[in-house]
Structure formats: C-alpha cells, structure tokens
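This is model_10.txt. It holds compact mmCIF, C-alpha atoms and all ligand atoms.
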# COMPACT_ATOMS: atom_id res chain seq x y z
CA MET N 1 0.00 0.00 0.00
CA LYS N 2 2.87 2.37 0.85
CA LYS N 3 4.42 1.81 -2.54
CA ILE N 4 1.14 2.68 -4.25
CA THR N 5 0.79 5.91 -2.26
CA PHE N 6 4.29 6.82 -3.39
CA LEU N 7 3.52 6.06 -7.05
CA PHE N 8 0.32 8.06 -6.76
CA ALA N 9 2.30 11.04 -5.47
CA ILE N 10 4.72 10.81 -8.38
CA ALA N 11 1.88 10.49 -10.86
CA ILE N 12 0.24 13.66 -9.47
CA LEU N 13 3.44 15.57 -10.11
CA ILE N 14 3.72 14.25 -13.65
CA SER N 15 0.10 14.84 -14.50
CA THR N 16 0.08 18.43 -13.21
CA ALA N 17 3.30 19.23 -15.03
CA ILE N 18 2.23 17.95 -18.42
CA HIS N 19 -1.30 19.26 -18.62
CA ALA N 20 -1.79 20.75 -22.06
CA GLN N 21 -4.49 23.06 -23.33
CA ASP N 22 -6.32 21.57 -26.27
CA ALA N 23 -8.10 18.23 -26.46
CA GLU N 24 -5.97 16.58 -29.14
CA ALA N 25 -2.80 17.48 -27.27
CA ASN N 26 -4.33 16.05 -24.10
CA PHE N 27 -5.22 12.78 -25.85
CA LYS N 28 -1.61 12.59 -27.03
CA THR N 29 -0.17 13.31 -23.59
CA SER N 30 -2.28 10.62 -21.92
CA ILE N 31 -1.63 7.98 -24.57
CA GLU N 32 2.11 8.66 -24.71
CA PHE N 33 2.33 8.36 -20.92
CA LEU N 34 0.28 5.14 -20.67
CA ALA N 35 1.81 3.47 -23.74
CA ASP N 36 5.40 4.27 -22.79
CA ASP N 37 7.80 1.32 -22.46
CA ALA N 38 8.33 2.42 -18.84
CA LEU N 39 4.88 1.06 -17.93
CA GLU N 40 5.77 -2.27 -19.54
CA GLY N 41 2.40 -2.89 -21.11
CA ARG N 42 0.29 -2.31 -17.93
CA GLU N 43 -0.40 -5.96 -17.21
CA THR N 44 -2.89 -6.44 -14.36
CA GLY N 45 -1.12 -6.79 -11.02
CA THR N 46 2.22 -5.32 -12.15
CA VAL N 47 3.96 -2.08 -11.11
CA GLY N 48 3.26 -0.70 -14.61
CA ALA N 49 -0.47 -1.16 -14.04
CA ALA N 50 -0.19 0.48 -10.60
CA ILE N 51 1.56 3.51 -12.12
CA ALA N 52 -1.17 3.73 -14.78
CA ALA N 53 -3.83 3.60 -12.04
CA GLY N 54 -1.99 6.31 -10.11
CA TYR N 55 -1.78 8.48 -13.22
CA ILE N 56 -5.51 8.15 -13.93
CA ALA N 57 -6.40 8.90 -10.28
CA ALA N 58 -4.13 11.95 -10.39
CA GLU N 59 -5.90 13.17 -13.52
CA PHE N 60 -9.28 12.70 -11.82
CA GLN N 61 -8.06 14.67 -8.82
CA HIS N 62 -6.59 17.40 -11.03
CA LEU N 63 -9.98 17.70 -12.78
CA GLY N 64 -11.83 17.90 -9.45
CA LEU N 65 -13.78 14.63 -9.61
CA SER N 66 -15.15 13.35 -6.29
CA THR N 67 -14.34 10.01 -4.77
CA VAL N 68 -17.18 7.58 -4.09
CA SER N 69 -15.32 4.65 -2.54
CA ASP N 70 -13.73 4.10 0.88
CA GLU N 71 -10.54 3.48 -1.05
CA GLY N 72 -10.45 6.97 -2.56
CA TYR N 73 -10.35 6.83 -6.33
CA PHE N 74 -9.65 3.09 -6.27
CA GLN N 75 -11.74 -0.06 -6.08
CA GLU N 76 -9.45 -2.96 -5.32
CA PHE N 77 -9.99 -6.61 -6.16
CA ILE N 78 -7.83 -9.70 -6.03
CA TYR N 79 -6.65 -11.19 -9.28
CA ARG N 80 -5.70 -14.87 -9.36
CA PRO N 81 -4.06 -16.22 -12.52
CA ARG N 82 -5.70 -19.22 -14.14
CA LEU N 83 -4.20 -22.71 -13.76
CA ASN N 84 -3.30 -22.69 -17.46
CA PRO N 85 -4.47 -20.68 -20.46
CA HIS N 86 -7.20 -23.22 -21.29
CA SER N 87 -8.58 -23.63 -17.79
CA THR N 88 -11.44 -21.67 -16.30
CA LYS N 89 -10.18 -22.53 -12.79
CA THR N 90 -7.80 -20.23 -10.97
CA ASP N 91 -4.58 -21.28 -9.32
CA THR N 92 -5.41 -21.29 -5.60
CA THR N 93 -1.94 -22.41 -4.53
CA LYS N 94 -0.46 -18.98 -5.29
CA PRO N 95 -1.46 -15.77 -3.48
CA GLY N 96 -3.57 -13.42 -5.57
CA VAL N 97 -2.31 -10.01 -6.62
CA VAL N 98 -4.07 -6.71 -5.96
CA ALA N 99 -5.70 -5.15 -9.00
CA ARG N 100 -7.66 -1.91 -8.99
CA ASN N 101 -10.34 -0.09 -10.92
CA VAL N 102 -10.04 3.71 -10.83
CA MET N 103 -13.25 5.68 -10.30
CA GLY N 104 -14.19 9.34 -10.16
CA PHE N 105 -17.62 10.93 -9.83
CA ILE N 106 -19.22 14.03 -11.33
CA ASP N 107 -22.18 14.95 -9.16
CA HIS N 108 -24.75 17.14 -10.92
CA GLY N 109 -27.33 16.38 -8.23
CA SER N 110 -29.37 14.18 -10.57
CA GLU N 111 -31.16 10.97 -9.58
CA LYS N 112 -29.61 9.17 -12.54
CA THR N 113 -25.97 8.37 -13.25
CA VAL N 114 -24.30 7.47 -16.51
CA VAL N 115 -21.32 5.09 -16.27
CA ILE N 116 -18.43 5.91 -18.61
CA GLY N 117 -15.82 3.15 -18.80
CA ALA N 118 -12.59 2.05 -20.47
CA HIS N 119 -10.01 -0.53 -19.49
CA TYR N 120 -6.44 0.61 -18.81
CA ASP N 121 -4.70 -2.77 -18.53
CA HIS N 122 -2.96 -4.45 -21.46
CA LEU N 123 -0.83 -7.52 -22.16
CA GLY N 124 2.47 -6.62 -20.48
CA HIS N 125 5.20 -8.54 -22.27
CA GLY N 126 2.75 -10.50 -24.42
CA GLY N 127 1.66 -13.77 -22.88
CA GLU N 128 -1.29 -15.81 -24.04
CA GLY N 129 -3.23 -12.85 -25.47
CA SER N 130 -0.43 -11.84 -27.82
CA LEU N 131 -0.80 -12.26 -31.58
CA HIS N 132 2.89 -11.55 -32.14
CA ALA N 133 4.41 -14.55 -33.93
CA ALA N 134 7.75 -14.36 -32.11
CA LYS N 135 6.80 -14.88 -28.47
CA ASP N 136 9.96 -13.10 -27.40
CA GLY N 137 8.68 -11.12 -24.44
CA GLN N 138 8.62 -7.71 -26.15
CA ILE N 139 6.57 -5.03 -24.41
CA HIS N 140 3.03 -4.69 -25.78
CA ASN N 141 2.31 -1.00 -25.22
CA GLY N 142 -1.38 -1.06 -26.13
CA ALA N 143 -1.66 2.54 -27.37
CA ASP N 144 -4.93 1.89 -29.18
CA ASP N 145 -5.84 -1.01 -26.84
CA ASN N 146 -6.62 0.77 -24.65
CA ALA N 147 -4.66 3.89 -23.75
CA SER N 148 -6.92 5.53 -26.36
CA GLY N 149 -10.05 4.64 -24.37
CA VAL N 150 -8.52 5.98 -21.15
CA ALA N 151 -7.55 9.23 -22.88
CA MET N 152 -11.20 9.50 -23.95
CA LEU N 153 -12.31 8.95 -20.31
CA ILE N 154 -10.03 11.73 -19.10
CA TYR N 155 -11.37 14.06 -21.80
CA LEU N 156 -14.97 13.26 -20.82
CA ALA N 157 -14.14 13.65 -17.12
CA LYS N 158 -13.43 17.29 -17.88
CA GLU N 159 -16.09 17.95 -20.51
CA LEU N 160 -19.03 16.40 -18.65
CA GLN N 161 -18.60 18.81 -15.74
CA LYS N 162 -20.07 21.58 -17.92
CA ASP N 163 -23.64 22.76 -17.30
CA GLN N 164 -24.94 21.48 -20.62
CA TYR N 165 -24.48 17.91 -19.35
CA ALA N 166 -26.07 18.51 -15.93
CA GLY N 167 -29.07 16.23 -16.57
CA SER N 168 -27.17 13.21 -15.19
CA ASN N 169 -24.31 12.43 -12.86
CA TYR N 170 -21.32 10.60 -14.30
CA LEU N 171 -19.31 7.78 -12.81
CA ILE N 172 -16.06 7.50 -14.73
CA ILE N 173 -14.36 4.11 -14.34
CA ALA N 174 -11.03 2.87 -15.70
CA PHE N 175 -11.09 -0.92 -15.43
CA SER N 176 -8.27 -3.31 -14.80
CA GLY N 177 -8.20 -7.01 -15.72
CA GLU N 178 -10.05 -6.63 -19.05
CA GLU N 179 -7.46 -8.61 -20.99
CA LYS N 180 -7.64 -11.36 -18.34
CA GLY N 181 -11.37 -11.76 -18.96
CA LEU N 182 -13.34 -8.56 -18.13
CA LEU N 183 -12.36 -8.95 -14.46
CA GLY N 184 -12.53 -5.32 -13.34
CA SER N 185 -15.89 -4.54 -14.95
CA ASN N 186 -17.27 -7.84 -13.70
CA PHE N 187 -16.12 -6.95 -10.18
CA TYR N 188 -17.74 -3.52 -10.39
CA ALA N 189 -20.97 -4.95 -11.83
CA LYS N 190 -21.19 -7.40 -8.91
CA ASN N 191 -20.01 -4.83 -6.32
CA PRO N 192 -21.49 -1.57 -7.59
CA ILE N 193 -20.79 1.70 -5.80
CA LEU N 194 -24.06 3.17 -7.06
CA ALA N 195 -27.19 1.02 -7.23
CA HIS N 196 -27.72 -0.35 -10.71
CA GLU N 197 -31.32 0.99 -10.70
CA THR N 198 -29.92 4.52 -10.66
CA THR N 199 -27.58 3.83 -13.59
CA LYS N 200 -29.19 5.09 -16.77
CA TYR N 201 -26.77 3.50 -19.23
CA MET N 202 -23.10 2.62 -19.73
CA LEU N 203 -20.71 3.74 -22.47
CA ASN N 204 -17.54 1.72 -23.10
CA PHE N 205 -14.48 2.95 -24.99
CA ASP N 206 -12.21 0.13 -26.09
CA MET N 207 -9.88 0.95 -29.00
CA VAL N 208 -10.95 4.36 -30.28
CA GLY N 209 -7.60 5.55 -31.61
CA ARG N 210 -7.53 4.26 -35.18
CA MET N 211 -10.35 6.06 -36.95
CA SER N 212 -9.97 5.96 -40.73
CA ALA N 213 -12.16 7.45 -43.44
CA ASP N 214 -13.09 4.07 -44.93
CA LYS N 215 -13.81 2.26 -41.66
CA GLY N 216 -15.25 5.15 -39.68
CA LEU N 217 -16.57 4.28 -36.25
CA ILE N 218 -18.21 1.07 -35.07
CA ILE N 219 -20.85 1.29 -32.32
CA ASN N 220 -21.78 -2.05 -30.78
CA GLY N 221 -24.79 -2.64 -28.54
CA VAL N 222 -27.35 -0.41 -30.30
CA GLY N 223 -29.98 -3.10 -29.70
CA THR N 224 -29.72 -2.75 -25.90
CA ALA N 225 -32.15 0.21 -25.75
CA SER N 226 -34.99 0.88 -28.18
CA GLU N 227 -33.95 4.56 -28.35
CA TRP N 228 -30.29 4.12 -29.28
CA LEU N 229 -30.48 4.01 -33.09
CA ASP N 230 -32.57 7.18 -33.48
CA LEU N 231 -30.54 8.91 -30.85
CA ILE N 232 -27.23 8.05 -32.51
CA GLU N 233 -28.50 9.08 -35.91
CA SER N 234 -29.74 12.45 -34.78
CA SER N 235 -26.49 13.05 -32.85
CA ASN N 236 -24.30 12.39 -35.87
CA THR N 237 -24.34 15.96 -37.15
CA ASN N 238 -20.76 15.70 -38.48
CA ASN N 239 -21.69 12.68 -40.62
CA VAL N 240 -19.10 10.30 -39.21
CA LYS N 241 -19.26 7.00 -41.13
CA LEU N 242 -20.97 4.62 -38.70
CA THR N 243 -21.39 0.87 -38.55
CA THR N 244 -23.62 -0.47 -35.78
CA THR N 245 -24.22 -3.91 -34.30
CA GLU N 246 -27.08 -4.91 -32.03
CA SER N 247 -25.63 -7.22 -29.42
CA GLY N 248 -24.86 -6.17 -25.86
CA ILE N 249 -22.43 -9.04 -25.60
CA GLY N 250 -18.95 -8.55 -26.95
CA PRO N 251 -15.33 -9.05 -25.99
CA SER N 252 -15.15 -5.94 -23.78
CA ASP N 253 -16.36 -4.39 -20.51
CA HIS N 254 -19.82 -3.21 -21.63
CA THR N 255 -20.82 -6.91 -21.53
CA SER N 256 -20.60 -6.89 -17.71
CA PHE N 257 -23.16 -4.05 -17.56
CA TYR N 258 -25.44 -5.45 -20.26
CA LEU N 259 -25.64 -8.67 -18.24
CA GLN N 260 -27.02 -6.54 -15.36
CA ASP N 261 -29.80 -5.34 -17.68
CA MET N 262 -28.39 -1.91 -18.50
CA PRO N 263 -28.39 -0.26 -21.93
CA VAL N 264 -24.81 -0.11 -23.20
CA LEU N 265 -22.79 1.14 -26.17
CA HIS N 266 -19.27 0.15 -27.15
CA PHE N 267 -17.31 2.62 -29.28
CA PHE N 268 -14.63 1.01 -31.46
CA THR N 269 -12.57 2.27 -34.42
CA GLY N 270 -11.89 -1.26 -35.65
CA ALA N 271 -9.34 -4.05 -35.58
CA HIS N 272 -5.97 -3.61 -37.30
CA GLU N 273 -2.70 -5.35 -38.00
CA ASP N 274 -1.04 -4.09 -34.81
CA TYR N 275 -3.82 -5.49 -32.60
CA HIS N 276 -2.31 -7.34 -29.59
CA LYS N 277 1.19 -6.91 -30.99
CA PRO N 278 4.22 -4.90 -29.76
CA SER N 279 3.60 -2.50 -32.68
CA ASP N 280 0.38 -1.03 -31.17
CA ASP N 281 2.22 2.23 -30.44
CA SER N 282 1.24 5.85 -29.86
CA ASP N 283 2.72 7.13 -33.16
CA LYS N 284 -0.06 5.29 -35.04
CA ILE N 285 -2.94 6.99 -33.22
CA ASN N 286 -5.30 9.26 -35.17
CA TYR N 287 -5.77 12.08 -32.64
CA LYS N 288 -8.05 14.09 -34.90
CA GLY N 289 -10.23 11.00 -35.29
CA MET N 290 -10.43 10.72 -31.51
CA GLN N 291 -11.79 14.27 -31.38
CA GLU N 292 -14.49 13.27 -33.89
CA VAL N 293 -15.45 10.31 -31.70
CA ALA N 294 -15.50 12.57 -28.63
CA ASP N 295 -17.76 15.14 -30.30
CA LEU N 296 -20.25 12.47 -31.35
CA VAL N 297 -20.25 10.92 -27.87
CA CYS N 298 -20.90 14.28 -26.21
CA GLU N 299 -23.84 14.89 -28.53
CA ILE N 300 -25.26 11.42 -27.78
CA ILE N 301 -24.98 12.11 -24.05
CA LYS N 302 -26.71 15.48 -24.44
CA GLN N 303 -29.57 14.00 -26.45
CA ALA N 304 -29.96 11.05 -24.06
CA ASP N 305 -30.31 13.65 -21.30
CA ASN N 306 -33.60 14.76 -22.87
CA LYS N 307 -35.08 11.38 -22.05
CA ASP N 308 -35.92 10.39 -18.48
CA ALA N 309 -34.93 6.79 -19.08
CA LEU N 310 -33.86 4.48 -21.88
CA SER N 311 -35.80 1.25 -22.41
CA PHE N 312 -33.45 -1.65 -21.90
CA GLN N 313 -33.98 -4.61 -24.19
CA LYS N 314 -32.20 -7.92 -24.54
CA THR N 315 -30.50 -8.33 -27.90
CA LYS N 316 -31.23 -11.20 -30.21
CA GLU N 317 -27.72 -12.55 -30.86
CA GLU N 318 -27.72 -13.99 -27.40
CA LYS N 319 -30.72 -16.24 -28.04
CA SER N 320 -29.41 -17.68 -31.30
CA SER N 321 -26.29 -19.07 -29.70
CA THR N 322 -22.92 -18.47 -31.35
CA PRO N 323 -21.64 -21.66 -32.97
CA ARG N 324 -18.72 -23.26 -31.16
CA PHE N 325 -15.58 -23.62 -33.20
CA THR N 326 -12.16 -24.97 -32.36
CA VAL N 327 -10.21 -23.86 -35.44
CA THR N 328 -9.65 -20.42 -36.97
CA LEU N 329 -8.08 -19.04 -40.14
CA GLY N 330 -5.80 -16.77 -38.14
CA VAL N 331 -7.15 -13.46 -39.45
CA MET N 332 -8.68 -10.29 -38.05
CA PRO N 333 -12.17 -10.02 -39.55
CA ASP N 334 -13.36 -6.60 -40.65
CA TYR N 335 -16.41 -6.14 -38.45
CA ALA N 336 -17.35 -2.99 -40.33
CA PHE N 337 -17.66 -4.85 -43.65
CA GLY N 338 -21.26 -4.84 -44.81
CA GLY N 339 -20.97 -6.92 -48.01
CA GLU N 340 -21.33 -10.67 -48.71
CA GLY N 341 -18.65 -12.79 -47.05
CA MET N 342 -16.01 -12.08 -44.41
CA ARG N 343 -13.46 -9.42 -45.28
CA ILE N 344 -9.96 -9.94 -43.88
CA ASP N 345 -8.63 -6.90 -42.11
CA GLY N 346 -5.32 -8.38 -40.99
CA ILE N 347 -3.41 -11.62 -41.34
CA ILE N 348 -1.83 -13.23 -38.30
CA GLU N 349 1.64 -14.54 -39.00
CA ASP N 350 2.25 -18.25 -39.17
CA ARG N 351 -1.39 -19.28 -39.11
CA PRO N 352 -3.53 -21.14 -41.73
CA ALA N 353 -4.62 -18.09 -43.75
CA GLN N 354 -1.07 -16.79 -44.13
CA LYS N 355 0.21 -20.22 -45.09
CA ALA N 356 -2.53 -20.50 -47.72
CA GLY N 357 -1.42 -17.18 -49.22
CA LEU N 358 -4.48 -15.14 -48.24
CA GLU N 359 -4.06 -11.37 -48.10
CA LYS N 360 -5.46 -8.42 -46.23
CA GLY N 361 -8.56 -7.21 -48.10
CA ASP N 362 -9.53 -10.67 -49.38
CA VAL N 363 -13.20 -11.49 -48.85
CA VAL N 364 -13.74 -15.11 -47.80
CA ILE N 365 -16.84 -16.45 -49.56
CA GLN N 366 -16.54 -20.20 -49.12
CA LEU N 367 -14.83 -22.74 -46.84
CA GLY N 368 -14.97 -26.30 -48.14
CA ASP N 369 -18.62 -26.89 -49.08
CA TYR N 370 -19.90 -24.06 -46.92
CA PRO N 371 -20.70 -20.71 -48.53
CA ILE N 372 -20.02 -17.72 -46.25
CA ASP N 373 -22.37 -14.76 -46.33
CA GLY N 374 -21.13 -12.87 -43.28
CA MET N 375 -19.60 -13.18 -39.80
CA GLN N 376 -22.24 -15.61 -38.52
CA GLY N 377 -21.83 -17.84 -41.59
CA TYR N 378 -18.06 -17.67 -41.19
CA MET N 379 -18.28 -18.93 -37.59
CA GLU N 380 -20.76 -21.62 -38.59
CA ALA N 381 -18.44 -22.85 -41.35
CA LEU N 382 -15.48 -22.93 -38.94
CA SER N 383 -17.49 -25.05 -36.51
CA LYS N 384 -17.55 -27.86 -39.12
CA PHE N 385 -13.75 -28.32 -39.03
CA SER N 386 -11.23 -29.74 -36.57
CA LYS N 387 -7.54 -29.10 -36.08
CA GLY N 388 -5.48 -30.74 -38.85
CA ASP N 389 -8.37 -30.83 -41.38
CA LYS N 390 -7.52 -29.88 -44.97
CA THR N 391 -10.04 -28.07 -47.14
CA THR N 392 -10.31 -25.31 -49.71
CA VAL N 393 -10.98 -21.63 -49.18
CA LYS N 394 -12.51 -19.38 -51.81
CA VAL N 395 -11.84 -15.64 -51.63
CA LYS N 396 -12.69 -12.60 -53.70
CA ARG N 397 -9.63 -10.46 -54.38
CA GLY N 398 -10.75 -7.41 -56.33
CA ASP N 399 -12.76 -8.79 -59.25
CA GLU N 400 -11.06 -12.18 -59.14
CA VAL N 401 -12.21 -15.28 -57.27
CA ILE N 402 -9.28 -17.33 -56.01
CA GLU N 403 -9.35 -20.82 -54.52
CA GLU N 404 -6.55 -22.10 -52.26
CA GLU N 405 -5.83 -25.22 -50.22
CA ILE N 406 -5.86 -24.59 -46.49
CA GLN N 407 -5.02 -26.67 -43.44
CA PHE N 408 -6.25 -25.91 -39.91
ZN ZN Y 1 -9.14 -3.73 -25.23
Serialized structure, structure tokens:
Amino acid sequence: MKKITFLFAIAILISTAIHAQDAEANFKTSIEFLADDALEGRETGTVGAAIAAGYIAAEFQHLGLSTVSDEGYFQEFIYRPRLNPHSTKTDTTKPGVVARNVMGFIDHGSEKTVVIGAHYDHLGHGGEGSLHAAKDGQIHNGADDNASGVAMLIYLAKELQKDQYAGSNYLIIAFSGEEKGLLGSNFYAKNPILAHETTKYMLNFDMVGRMSADKGLIINGVGTASEWLDLIESSNTNNVKLTTTESGIGPSDHTSFYLQDMPVLHFFTGAHEDYHKPSDDSDKINYKGMQEVADLVCEIIKQADNKDALSFQKTKEEKSSTPRFTVTLGVMPDYAFGGEGMRIDGIIEDRPAQKAGLEKGDVVIQLGDYPIDGMQGYMEALSKFSKGDKTTVKVKRGDEVIEEEIQF
C-alpha cells in the first residue's frame, strides 16, 4: 500500500506538469504516458499497471472529480491467474495479486448516473493474449488497446462537468483485468458503488484511436435500448461514417453491464494489423479521429439527457447461440464490412490463412462446401472443421475469385 501511495504522489506531479491546453494534445499526452515502455504494457497486477492507475487517479483529482469509494479513487480486487491458459479454474496455490479499478464521480445532483468506462490494462510482455508470432517477451504498449479509451475517459471527465451535461451524474471508471477476462468490470458490476437501478446506461471505450475514413466508427450494442439508433443518428451531425451492431455481448467491458440489464454502447474504431502486438504504439494513433469520436459521444450524451430513461432490451444474438468452433483461419475479420462474405482486415503470422497465401482485403466467400455470407456464416463454417483438417478456401480479391488449399 505504501508503494502505491508513493507512485500516486509521483503520478500527481507528472500529471500536473504535463497538462496541455487543447483536447488533441491532451489525448496525445495521456496515450504517450500510458503506452510508454516504462509502464511495460500495464499488465494487471504489475507495477506498470499500478503507475497507470496512479496516473488516472491523479488526472481525476486534477480535474476535481469526487471520490465515491472508501478506497479513494480506487476499487481494489484480487486477481488470481488461471491454472493454465485453457482452464477456467484459478490457481489457488499462489497468493492473488491486488488489481484496482479507478473511479471518479461528477455529481450534478441528478437521480440518474451514466457510467463511462474504459479498461487501462494491457498484455504486459505478451503472454497468451499476444498475436505476435515471435513470443519473445517484447513489451506490448497497447496505445490503441486501450490507452486511447482511457484518454477519452479523461477528456470526458473534464467535458461532462459543464452545465450542458447537468441532466445526469457521471461515474467515470477505468477498469483493470479486461485482458484477463473482463475482471474489473465484472467486479464492479457485482459490487457496484451506485445502485444499478440509478444507472441510466453505460458507455464503453475500447480501441478508439484508429479512426480511418473508410472504416469510420463502429458502435456495438445499439440493440440494448430501443432509443439508441434514433438517438445516434440524430447526434451524428458531423456525418461520421458509422457501422452499428445490435448485441450487448462482446469481448469488452460493456458486456458486464449489459448482463445486469443496462443499456450499453461500445465505441470502437476497428481491428488492425497491430492489434495485440508490440507494434500497437502511440505514433499510429489518429488524434483528430479521436476528437471526432468525442464530439459524437458528447452529442449522444446530451440527447440522451432529454429522455428520463432508456428502455433496456435484450439483444437477439444472445438467443441464437454463437456456434462453437475450435479452429480459426488466423485473421482479423473486418467487423465494419457490410458486403457478402467475411473481409480480412489483418493476417496473423504463421497461421492457416497466411500459409494459404491469403491477403489483407480478401473477402472469404466459401470454406470447403460451406458458402459464407457474413460473420455468422463464417463462424458456422469454422465449426464444421477440426484441427489438422484440410479443405479449400474461396476468396474474392478485387474482381477475381481465387481458390486455395488450407489446413487448420
Ligand atoms: Zn481492449
């Protein structure tokens, strides 16, 4: 505990010294601090993660946010590593390590609170979550994943104090343990500081630093409240290119809140080739794009303020269960792709797709005998194969259709 107090004190000094004036510069300052090699990839339970937590708490203090927990800006929980990467059981022979969410509150005296969240942990030196072919222990800085989301939180922590947002209170939470399995958000959802009934909705920012003109912004979870789609559309006055998905369940922290019956949205600028690799660095962040995301989010919050409540609804994906599959092509799908098939957004080294000669931009339209019309069809086709199976894969590359042999 002493050590943490010390780190917190250092972080306050740093944060006060480097506070810049405009938003883009502030995004850059936060991301460069969090994604610096010195923090060694902010793996849950490490000193790097503790420094990141201290930095975020210092920013909250600097911005005048109130504390709502007995532990000041922190909410601590114990993290126990799993027995092995494939086990759901934790190793009880080793002592757990302390992990912490960081929380700050903006009290506008409203009865309703909006939860704004982003995870600050990343993969440390790689480990099981890494997609880097050479497992050589390089630092995974996680600038987009998810220093970008934390920078967005810090921006909103300042912005949402203004009178025009006074219709709700805001609980700003930076989660730990996301990469280990949504641990921090799960802990908060089960041990809430504010009663869930008073939480109007939750917004999650996970990877918002790579906006591009062709991909635009992806908003997941629009099916979790009947009002979301209209509200998002009328807020999009700058005509940001948007792709939306319905489901409240996804591989990030909003899932923990959706499962407590709260409307959620997850903002995401898309997967890329540096995802979960040492090359996810701050020099690749689109800071102007982050400002566009921020402006849209602020407008959504303002418009949601005009409604007393949002009507939570369960999303359909969850009823039609996702097919189970044990093999993959080793690609990053383009979730923003709206056409027929599954468009490849990135190829993972040394995996079946790369070995078969597939390329970024290829659209997979058939696997073996199974035609693929989209993401769901892609997962269904994968579920028909086992490790070691050989089959053919048909892709569209430009105007050409190419067929290759592939082995899982
Ligand atoms: Zn993430």
Could you tell me which of N:Ala381, N:Ala225, N:Ala353, N:Leu182 comes closest to ligand ZN 1 (chain Y) if we count all atoms listed in the file?
->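 Counting all atoms listed in the file, the residue closest to ligand ZN 1 (chain Y) is N:Leu182.
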Write out as a PyMOL selection string the residues lying within 9 Å of Thr245 (chain N), counting all atoms listed in the file and excluding same-chain residues fewer than 5 positions away.
-> chain N and resi 218-223
When you draw a straight line from CA of Gly109 (chain N) to CA of Thr67 (chain N), how long is it in Å?
-> 14.9 Å
Which residues are near ligand ZN 1 (chain Y) in this structure, taking near to mean any atom at most 6 Å from a ligand atom and counting all atoms listed in the file? Format them as a PDB file with C-alpha atoms, in the frame of the given file.
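To be explicit, this is the file written out as result.pdb:
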ATOM      1  CA  ASP N 145      -5.840  -1.010 -26.840  1.00  0.00           C
ATOM      2  CA  ASN N 146      -6.620   0.770 -24.650  1.00  0.00           C
ATOM      3  CA  ASP N 206     -12.210   0.130 -26.090  1.00  0.00           C
TER       4      ASP N 206
END
So how far away is CA of Thr392 (chain N) from CA of Glu404 (chain N), in Å?
->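 Separating CA of Glu404 (chain N) from CA of Thr392 (chain N) is a distance of 5.6 Å.
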Selected residue of minimal separation from Glu76 (chain N) among N:Met290, N:Val150, N:Ile232, N:Leu183, counting only C-alpha atoms |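 Among N:Met290, N:Val150, N:Ile232, N:Leu183, it is N:Leu183 that comes nearest to Glu76 (chain N).
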Which residue, N:Glu340, N:Asp281, N:Asp121, N:Asp345, has the smallest gap to Asp253 (chain N) when you use only C-alpha atoms?
->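 Between N:Glu340, N:Asp281, N:Asp121, N:Asp345, the residue approaching Asp253 (chain N) most closely is N:Asp121.
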How many Å lie between CA of His196 (chain N) and CA of Phe312 (chain N), rounded to one decimal?
-> 12.6 Å
With distances taken over all atoms listed in the file, which of N:Ile372, N:Leu34, N:Gly41, N:Ser168 is nearest to Gln138 (chain N)?
->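 Closest residue, counting all atoms listed in the file: N:Gly41.
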With all atoms listed in the file as the basis for distance, which of N:Lys162, N:His122, N:Arg210, N:Asn101 is at the shortest distance from Asn191 (chain N)?
->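 Comparing N:Lys162, N:His122, N:Arg210, N:Asn101 against Asn191 (chain N), the winner is N:Asn101.
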